[in-house]
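Single-structure report; data block below.
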Amino acid sequence: MNDQQLAVDMRGITKQFPGVLANNHVDFSVRQGEIHALVGENGAGKSTLMNILYGLIPPDSGEIHINGKHVHIGGPRDAIALGIGMVHQHFMLIPVFSVGENIMLGREPATGPDFYDHARARAAINELTKRYGLALNADARMGDLPVGLQQRAEIVKVLYRGANILILDEPTGVLTPQETKELFVVLRDLVKSGKTIVFISHKLKEVLEISDRITVMRRGKVVGHLTTRQTNEEEIATLMVGREVLLRVDKKPAKPGAVVMQVENISASTDRGVPALKGVSFELRQGEILGIAGIEGNGQSEMMEVLAGTRPVTGGRVLLGSRDITTYDARTERDAGVAFIPEDRRGTGLVLSFSIAENSILGRERSPKFSWHEFVLRLVAIREWARRLVKEFDVRTPSIDVAARNLSGGNQQKVIVAREMGSKPKVLLAAQPTRGVDIGAIEFIHRRIVQERDEGTAVLLVSAELDEVRSLSDRIAVMYEGRIVSIEPPDAPEERLGLLMTGGGQAREGAA
Amino acid sequence: MSGLEDIFRLLFTANLWQATLAAAVLLLLPALGGVISERSGVVNIAMEGMMLTGAFFAVVADLAWHNAWLATGVAVLAGALMATIHAVVSIQFRADQIVSGIAINIFAAGLTVFLANRIYGLQDVGHVGPTEGLPNIDVGGLDQIPFFGKVLFQQNVVVYMALVLLVLVHVVLFRTRLGLRIRAVGEHPQAADTAGINVYLFRYSAVITSGLLSGLAGAFLAIGVSNTFVPNMTDGRGYIALAAMIFGKWTPLGAFIACLIFGLGQAIYDNNSVIHVSPYLLSMLPYILTLVVLAGLVGRATPPAADGLPYVPGSE
């Protein structure tokens, strides 16, 4: 292949951060007109590499060639001038600005001395959206749009800047399955009209579906160049993790026992006072995993908070065994045997500045095991406990005195999982237990959740990843707009679940 | 009840409203500076110190050169210099912007007293002759309109400048590309940076502009209103301007309305000889109003999303 065909050719890129060699002599090339997937675990160096390409970070050494020409990219301005555009994982959008202002930002049309020209902005956007078939209202307030449309605005923004090479960083992480499908249609259209796309992801199914070629990174190095048609999930996962990974959850059929938790017609509101739960009922049995499928924002978070005792109900009741625990707060819930893995591990799950040892007893510091008379901490017992958890749950850390902040996302999550499972709960509430966690840690956490079930715990699982819900659950409850619209068997087809999640489909019998 | 009646009667005098507008402008200039600075994402509570520095150097320069305009220029630069310190500390070194602001206010108070002692050997710097002060200008013809003529067209030159600046800042912030970019930098610096906008340049410029405006307010106070320098003569006006900015929800026009309300309080307070309400009670008024605003009783005030957050390139 000659250089003329390469849209991007990065050679020997090295970037050292304090304590981490983020990119170690990375070679990365993308052909013109292809969709090239860049995969790797968190911290593998994908984002660093792309931030270098986009000029956000200067490399320590290495060369970049764009369309065959050796270039220096000193900042995003240079990248934009070279036709490189980036759609960031965390959208670079300003919620209080209009869609038009967001798209125009940095290249606004002006009239008179310096006045923002609304008419020309609107015309430019309409021209773009028509050409690429991306419907978008330029005058809407960005913050009012659903995530899928916000992402579309990001793409239009990049196109408006004349990008021919589009970098998409984890674009599907925030999308519903339906939105993901729509995005893929858009991407294929873009390639047809001559654009080149770099697709960063760790969702292997999607990578296999959308890409032409794949570059795999691990610990700052490129460990594989693959052609999508000639590879499979297992091969990519093995390269990413550096060992063989079990992608399927290995579990025996559940042996559900007695009903442990009974949720009867509960309702609750969001922080803003908008109704979030509109009469949710279900039963949770010993030794089963009940998975909640649904697009985020349909009441799952509020439901978990109600059950964990951190959000008041506005109606209905919750029984644990025969005890009414509806009005219990977080502390009494814990004492009653309800453990909670919250969805926001950094905000709710851990005190980041506390050590692993301190975090390992959060919420249980009053138990006689860890303190005398609920007052003076038993430090030796706590340290021994923390050491045991770290070992048992394979938390990778130099010591139990390391602040939680300094652990990787996967290890932080393991600390929470260890703490919650370590309390031997009757009910385990797991909200997004593997969000933003590496494949290796996902595999481990999944295995532990199944193990917990096999030991008789009742597990309630909420996940935005439909695959995760389907592979772990013994029953699947689909939530939509604050209600459970159907309870499905674990082998229910993905299409059916997707339909139910978006308010379509017929509920099965037995659903509340 | 006689106190309230006195105030009521006072409200119908043109003198009161003339004084209100002048007092409001003293607050408006630093408030506009605050709006610009915070819209760009840098919390600025240093208007008090920048204004005080401006006031001092206005008097120094006026005594040296007997030229009010030159003195105003020096005051504006002095304010800008203090703002530059705040900018370097909070933008470049990413220090806590509240702490930096407090430090500048204390530093300015100390510096001006120290220099006043060193240069003049006095607490009271001495009076600037009226001819060397910033002039009052009566707009020919218009000043003869009953009531409004006196309120609007018999004012100090700085009052007219401030009103022009008010319109200018409003138009720039909300109608121009420049303003869109300033606001973008204050809402989401990462987004602005990736759109090719130089976040640091915009933030530096915005903070320094707040110093220019506060310095101008200092000059107005020292050689327009009082014709002398007295230690701590700003008397908390920079903080009230801050409250006006919040009261006005980070908009120039809203801040102006707040300044008028606070200015009215000040004017009534200054007229306390003709009324019979405790001046101490009156002087609390702006602060009580500010607390009411902060408690969200007059609609929620939402600051720019990235206000007070240092920008680290490449971070998310």
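Just remember, in the structure tokens the first chain shown is A, the second B, etc., residues are 1-based per chain, and ligands are 1-based in the order shown.
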
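Residue neighbourhood of segment 11-17 of chain B, excluding near-sequence residues (fewer than 3 positions): Ile7, Phe8, Thr20, Leu21, Phe147, Lys150, Val151 and Ala267 of chain B, at 7 Å, using only C-alpha atoms.
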
Just C-alpha atoms for this one: save the residues we selected as a PDB file, in the first residue's frame.
```pdb
ATOM      1  CA  ILE B   7     -38.478  58.432  52.991  1.00  0.00           C
ATOM      2  CA  PHE B   8     -41.681  58.682  51.004  1.00  0.00           C
ATOM      3  CA  THR B  20     -29.062  57.203  43.188  1.00  0.00           C
ATOM      4  CA  LEU B  21     -27.800  57.056  39.616  1.00  0.00           C
ATOM      5  CA  PHE B 147     -37.043  66.269  37.129  1.00  0.00           C
ATOM      6  CA  LYS B 150     -31.484  66.740  36.718  1.00  0.00           C
ATOM      7  CA  VAL B 151     -31.509  62.967  37.260  1.00  0.00           C
ATOM      8  CA  ALA B 267     -28.722  57.618  48.410  1.00  0.00           C
TER       9      ALA B 267
END
```

Contact check, chain B to chain A, at most 12 Å, counting only C-alpha atoms, closest pairs as a Markdown table:
```
| residue | atom | partner | partner_atom | distance |
| --- | --- | --- | --- | --- |
| B:Val171 | CA | A:Phe115 | CA | 8.8 |
| B:Val172 | CA | A:Phe115 | CA | 8.2 |
| B:Leu173 | CA | A:Phe115 | CA | 10.2 |
| B:Phe174 | CA | A:Tyr116 | CA | 8.9 |
| B:Arg175 | CA | A:Phe115 | CA | 5.6 |
| B:Thr176 | CA | A:Phe115 | CA | 4.1 |
| B:Arg177 | CA | A:Tyr116 | CA | 5.2 |
| B:Leu178 | CA | A:Asp114 | CA | 7.2 |
| B:Gly179 | CA | A:Tyr116 | CA | 9.1 |
| B:Leu180 | CA | A:Leu105 | CA | 7.7 |
| B:Arg181 | CA | A:Leu105 | CA | 7.1 |
| B:Ile182 | CA | A:Leu105 | CA | 10.8 |
| B:Arg183 | CA | A:Phe97 | CA | 9.3 |
| B:Ala184 | CA | A:Ile94 | CA | 7.2 |
| B:Val185 | CA | A:Ile94 | CA | 9.8 |
| B:Gly186 | CA | A:Ile94 | CA | 10.0 |
| B:Glu187 | CA | A:Ile94 | CA | 6.6 |
| B:His188 | CA | A:Ile94 | CA | 6.3 |
| B:Pro189 | CA | A:Met92 | CA | 8.9 |
| B:Gln190 | CA | A:Met92 | CA | 6.6 |
| B:Ala191 | CA | A:Met92 | CA | 4.3 |
| B:Ala192 | CA | A:Gly106 | CA | 7.3 |
| B:Asp193 | CA | A:Pro76 | CA | 7.3 |
| B:Thr194 | CA | A:Pro76 | CA | 5.6 |
| B:Ala195 | CA | A:Gly106 | CA | 5.2 |
| B:Gly196 | CA | A:Arg77 | CA | 4.8 |
| B:Ile197 | CA | A:Gly106 | CA | 6.0 |
| B:Asn198 | CA | A:Arg77 | CA | 9.5 |
| B:Val199 | CA | A:Gly106 | CA | 11.4 |
| B:Thr302 | CA | A:Val96 | CA | 10.9 |
| B:Pro303 | CA | A:Val96 | CA | 11.4 |
| B:Pro304 | CA | A:Val96 | CA | 9.4 |
| B:Ala305 | CA | A:Ile94 | CA | 9.0 |
| B:Ala306 | CA | A:Ile94 | CA | 10.6 |
| B:Val312 | CA | A:Leu56 | CA | 10.7 |
| B:Pro313 | CA | A:Leu56 | CA | 6.9 |
| B:Gly314 | CA | A:Leu56 | CA | 5.4 |
| B:Ser315 | CA | A:Leu56 | CA | 9.2 |
| B:Glu316 | CA | A:His90 | CA | 7.2 |
```

If you count only C-alpha atoms, which residues fall within 10 Å of Asp467 of chain A, apart from same-chain ones fewer than 5 positions away, as a list of chain:residue names?
-> A:Arg248, A:Ala293, A:Leu472, A:Glu494

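Of the residues under consideration (B:Glu132, B:Leu32, B:Asn44, B:Thr112), B:Glu132 shows the shortest atom-to-atom contact distance to Trp65 of chain B when counting only C-alpha atoms.
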
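Among the candidates A:Val8, A:Pro493, A:Ile439, A:Thr172, the residue lying nearest to Arg243 of chain A is A:Ile439 (atoms considered: only C-alpha atoms).
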
Write out as a list in words each polymer residue whose atoms come within 9 Å of Ala22 of chain A, counting only C-alpha atoms; drop sequence neighbours fewer than 4 positions from it.
-> Thr14, Lys15, Gln16, Phe17, Gly43, Ala44, Gly45, Lys46, Thr48, Leu49, Arg219, Gly220 and Lys221 of chain A

Contacts of Tyr204 of chain B at 8 Å or less, counting only C-alpha atoms, minus same-chain residues fewer than 4 places along, as a ChimeraX atom specification?
-> /B:84,87-88,91,200,208

Enumerate as a ChimeraX atom specification all residues of segment 70-231 of chain B assigned to alpha helix (DSSP H) by DSSP on the backbone, naming them with the chain letters and numbers the document uses.
-> /B:70-87,97-120,148-153,157-175,177-187,189-194,199-219

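The nearest approach to Leu10 of chain B among the residues B:Asn271, B:Thr53, B:Ser278, B:Ser37, with only C-alpha atoms taken into account, belongs to B:Asn271.
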
Which residues come within 12 Å of Gly133 of chain A, counting only C-alpha atoms, excluding same-chain residues fewer than 6 positions away, as number ranges by chain?
-> A: 125-127, 152, 155-156, 182-183, 185-190, 193

Just-selected residues, N, CA and C atoms written as a compact mmCIF listing (two decimals), in the first residue's frame:
```txt
# COMPACT_ATOMS: atom_id res chain seq x y z
N ILE A 125 -26.38 25.15 8.58
CA ILE A 125 -26.71 23.90 9.24
C ILE A 125 -27.73 23.11 8.43
N ASN A 126 -28.72 23.82 7.92
CA ASN A 126 -29.73 23.14 7.11
C ASN A 126 -29.12 22.51 5.87
N GLU A 127 -28.15 23.20 5.30
CA GLU A 127 -27.49 22.67 4.11
C GLU A 127 -26.76 21.36 4.45
N ARG A 152 -25.66 13.68 17.39
CA ARG A 152 -25.80 14.06 15.99
C ARG A 152 -25.31 15.50 15.81
N ILE A 155 -21.69 15.51 15.58
CA ILE A 155 -21.20 15.08 14.27
C ILE A 155 -21.33 16.21 13.25
N VAL A 156 -22.48 16.89 13.29
CA VAL A 156 -22.68 18.01 12.36
C VAL A 156 -21.65 19.10 12.63
N GLU A 182 -29.15 3.79 14.42
CA GLU A 182 -29.23 5.01 13.61
C GLU A 182 -27.85 5.61 13.38
N LEU A 183 -27.03 5.58 14.43
CA LEU A 183 -25.68 6.12 14.29
C LEU A 183 -24.90 5.35 13.23
N VAL A 185 -26.03 3.78 10.67
CA VAL A 185 -26.50 4.16 9.33
C VAL A 185 -25.82 5.46 8.91
N VAL A 186 -25.76 6.42 9.83
CA VAL A 186 -25.13 7.70 9.54
C VAL A 186 -23.65 7.49 9.19
N LEU A 187 -22.96 6.65 9.97
CA LEU A 187 -21.54 6.43 9.73
C LEU A 187 -21.30 5.82 8.35
N ARG A 188 -22.14 4.86 7.98
CA ARG A 188 -21.96 4.23 6.66
C ARG A 188 -22.19 5.25 5.55
N ASP A 189 -23.19 6.13 5.75
CA ASP A 189 -23.44 7.18 4.75
C ASP A 189 -22.25 8.12 4.63
N LEU A 190 -21.67 8.44 5.77
CA LEU A 190 -20.53 9.35 5.76
C LEU A 190 -19.36 8.76 4.99
N SER A 193 -19.83 9.01 1.38
CA SER A 193 -19.57 10.33 0.80
C SER A 193 -18.11 10.72 0.97
```

Residues at most 7 Å from segment 66-70 of chain B, counting only C-alpha atoms, excluding those fewer than 4 positions away in the same chain, as number ranges by chain?
-> B: 62, 74, 132-134

Give me every strand (DSSP E or B) residue in segment 44-176 of chain A, going by DSSP on the backbone, as a PDB file with N, CA and C atoms, in the first residue's frame.
```pdb
ATOM      1  N   SER A  61       7.548  12.100  21.303  1.00  0.00           N
ATOM      2  CA  SER A  61       8.259  11.850  20.056  1.00  0.00           C
ATOM      3  C   SER A  61       7.323  11.144  19.093  1.00  0.00           C
ATOM      4  N   GLY A  62       7.750  11.065  17.842  1.00  0.00           N
ATOM      5  CA  GLY A  62       6.935  10.418  16.829  1.00  0.00           C
ATOM      6  C   GLY A  62       6.525  11.393  15.746  1.00  0.00           C
ATOM      7  N   GLU A  63       6.036  10.824  14.638  1.00  0.00           N
ATOM      8  CA  GLU A  63       5.645  11.630  13.476  1.00  0.00           C
ATOM      9  C   GLU A  63       4.194  11.390  13.131  1.00  0.00           C
ATOM     10  N   ILE A  64       3.565  12.413  12.607  1.00  0.00           N
ATOM     11  CA  ILE A  64       2.197  12.263  12.128  1.00  0.00           C
ATOM     12  C   ILE A  64       2.144  12.667  10.653  1.00  0.00           C
ATOM     13  N   HIS A  65       1.552  11.797   9.852  1.00  0.00           N
ATOM     14  CA  HIS A  65       1.330  12.111   8.439  1.00  0.00           C
ATOM     15  C   HIS A  65      -0.165  12.097   8.176  1.00  0.00           C
ATOM     16  N   ILE A  66      -0.650  13.148   7.558  1.00  0.00           N
ATOM     17  CA  ILE A  66      -2.065  13.212   7.192  1.00  0.00           C
ATOM     18  C   ILE A  66      -2.145  13.258   5.670  1.00  0.00           C
ATOM     19  N   LYS A  69       1.110  13.633   3.984  1.00  0.00           N
ATOM     20  CA  LYS A  69       1.984  14.783   4.257  1.00  0.00           C
ATOM     21  C   LYS A  69       2.399  14.824   5.715  1.00  0.00           C
ATOM     22  N   HIS A  70       3.696  15.011   5.941  1.00  0.00           N
ATOM     23  CA  HIS A  70       4.198  15.124   7.311  1.00  0.00           C
ATOM     24  C   HIS A  70       3.688  16.435   7.917  1.00  0.00           C
ATOM     25  N   VAL A  71       3.026  16.336   9.084  1.00  0.00           N
ATOM     26  CA  VAL A  71       2.437  17.548   9.649  1.00  0.00           C
ATOM     27  C   VAL A  71       2.845  17.702  11.111  1.00  0.00           C
ATOM     28  N   ILE A  84      -9.323  17.174  10.432  1.00  0.00           N
ATOM     29  CA  ILE A  84      -9.556  16.167  11.463  1.00  0.00           C
ATOM     30  C   ILE A  84     -10.614  16.691  12.426  1.00  0.00           C
ATOM     31  N   GLY A  85     -11.609  15.886  12.697  1.00  0.00           N
ATOM     32  CA  GLY A  85     -12.665  16.303  13.627  1.00  0.00           C
ATOM     33  C   GLY A  85     -12.854  15.233  14.676  1.00  0.00           C
ATOM     34  N   MET A  86     -13.228  15.644  15.885  1.00  0.00           N
ATOM     35  CA  MET A  86     -13.365  14.662  16.957  1.00  0.00           C
ATOM     36  C   MET A  86     -14.726  14.794  17.623  1.00  0.00           C
ATOM     37  N   VAL A  87     -15.396  13.653  17.771  1.00  0.00           N
ATOM     38  CA  VAL A  87     -16.627  13.602  18.552  1.00  0.00           C
ATOM     39  C   VAL A  87     -16.254  12.958  19.879  1.00  0.00           C
ATOM     40  N   SER A  98     -27.935  27.342  21.912  1.00  0.00           N
ATOM     41  CA  SER A  98     -28.778  26.677  20.932  1.00  0.00           C
ATOM     42  C   SER A  98     -27.928  25.678  20.145  1.00  0.00           C
ATOM     43  N   ALA A 110     -20.538  36.037  10.741  1.00  0.00           N
ATOM     44  CA  ALA A 110     -20.762  37.330  11.379  1.00  0.00           C
ATOM     45  C   ALA A 110     -21.269  38.346  10.370  1.00  0.00           C
ATOM     46  N   THR A 111     -22.006  39.308  10.865  1.00  0.00           N
ATOM     47  CA  THR A 111     -22.396  40.441  10.034  1.00  0.00           C
ATOM     48  C   THR A 111     -22.014  41.699  10.797  1.00  0.00           C
ATOM     49  N   PHE A 115     -21.376  40.910  14.756  1.00  0.00           N
ATOM     50  CA  PHE A 115     -22.635  40.338  15.240  1.00  0.00           C
ATOM     51  C   PHE A 115     -22.816  38.914  14.763  1.00  0.00           C
ATOM     52  N   TYR A 116     -23.267  38.042  15.670  1.00  0.00           N
ATOM     53  CA  TYR A 116     -23.551  36.643  15.325  1.00  0.00           C
ATOM     54  C   TYR A 116     -24.706  36.615  14.327  1.00  0.00           C
ATOM     55  N   ARG A 141     -32.800  24.355  22.073  1.00  0.00           N
ATOM     56  CA  ARG A 141     -31.795  24.500  23.110  1.00  0.00           C
ATOM     57  C   ARG A 141     -31.120  23.138  23.288  1.00  0.00           C
ATOM     58  N   ILE A 165     -11.694  13.464   8.259  1.00  0.00           N
ATOM     59  CA  ILE A 165     -11.335  12.356   9.126  1.00  0.00           C
ATOM     60  C   ILE A 165     -12.065  12.571  10.444  1.00  0.00           C
ATOM     61  N   LEU A 166     -12.993  11.691  10.782  1.00  0.00           N
ATOM     62  CA  LEU A 166     -13.780  11.852  12.005  1.00  0.00           C
ATOM     63  C   LEU A 166     -13.326  10.843  13.050  1.00  0.00           C
ATOM     64  N   ILE A 167     -12.978  11.345  14.229  1.00  0.00           N
ATOM     65  CA  ILE A 167     -12.638  10.463  15.340  1.00  0.00           C
ATOM     66  C   ILE A 167     -13.849  10.405  16.259  1.00  0.00           C
ATOM     67  N   LEU A 168     -14.367   9.210  16.509  1.00  0.00           N
ATOM     68  CA  LEU A 168     -15.499   9.083  17.428  1.00  0.00           C
ATOM     69  C   LEU A 168     -15.047   8.300  18.655  1.00  0.00           C
ATOM     70  N   ASP A 169     -15.036   8.967  19.800  1.00  0.00           N
ATOM     71  CA  ASP A 169     -14.542   8.353  21.033  1.00  0.00           C
ATOM     72  C   ASP A 169     -15.709   7.726  21.791  1.00  0.00           C
TER      73      ASP A 169
END
```

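Considering the residues A:Ala7, A:Ala357, A:Ala458, A:Met303 and counting only C-alpha atoms, Ala258 of chain A has its shortest atom-to-atom contact with A:Ala458.
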
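Between atom CA of Ala295 of chain B and atom CA of Gly211 of chain B the interatomic distance comes to 28.3 Å.
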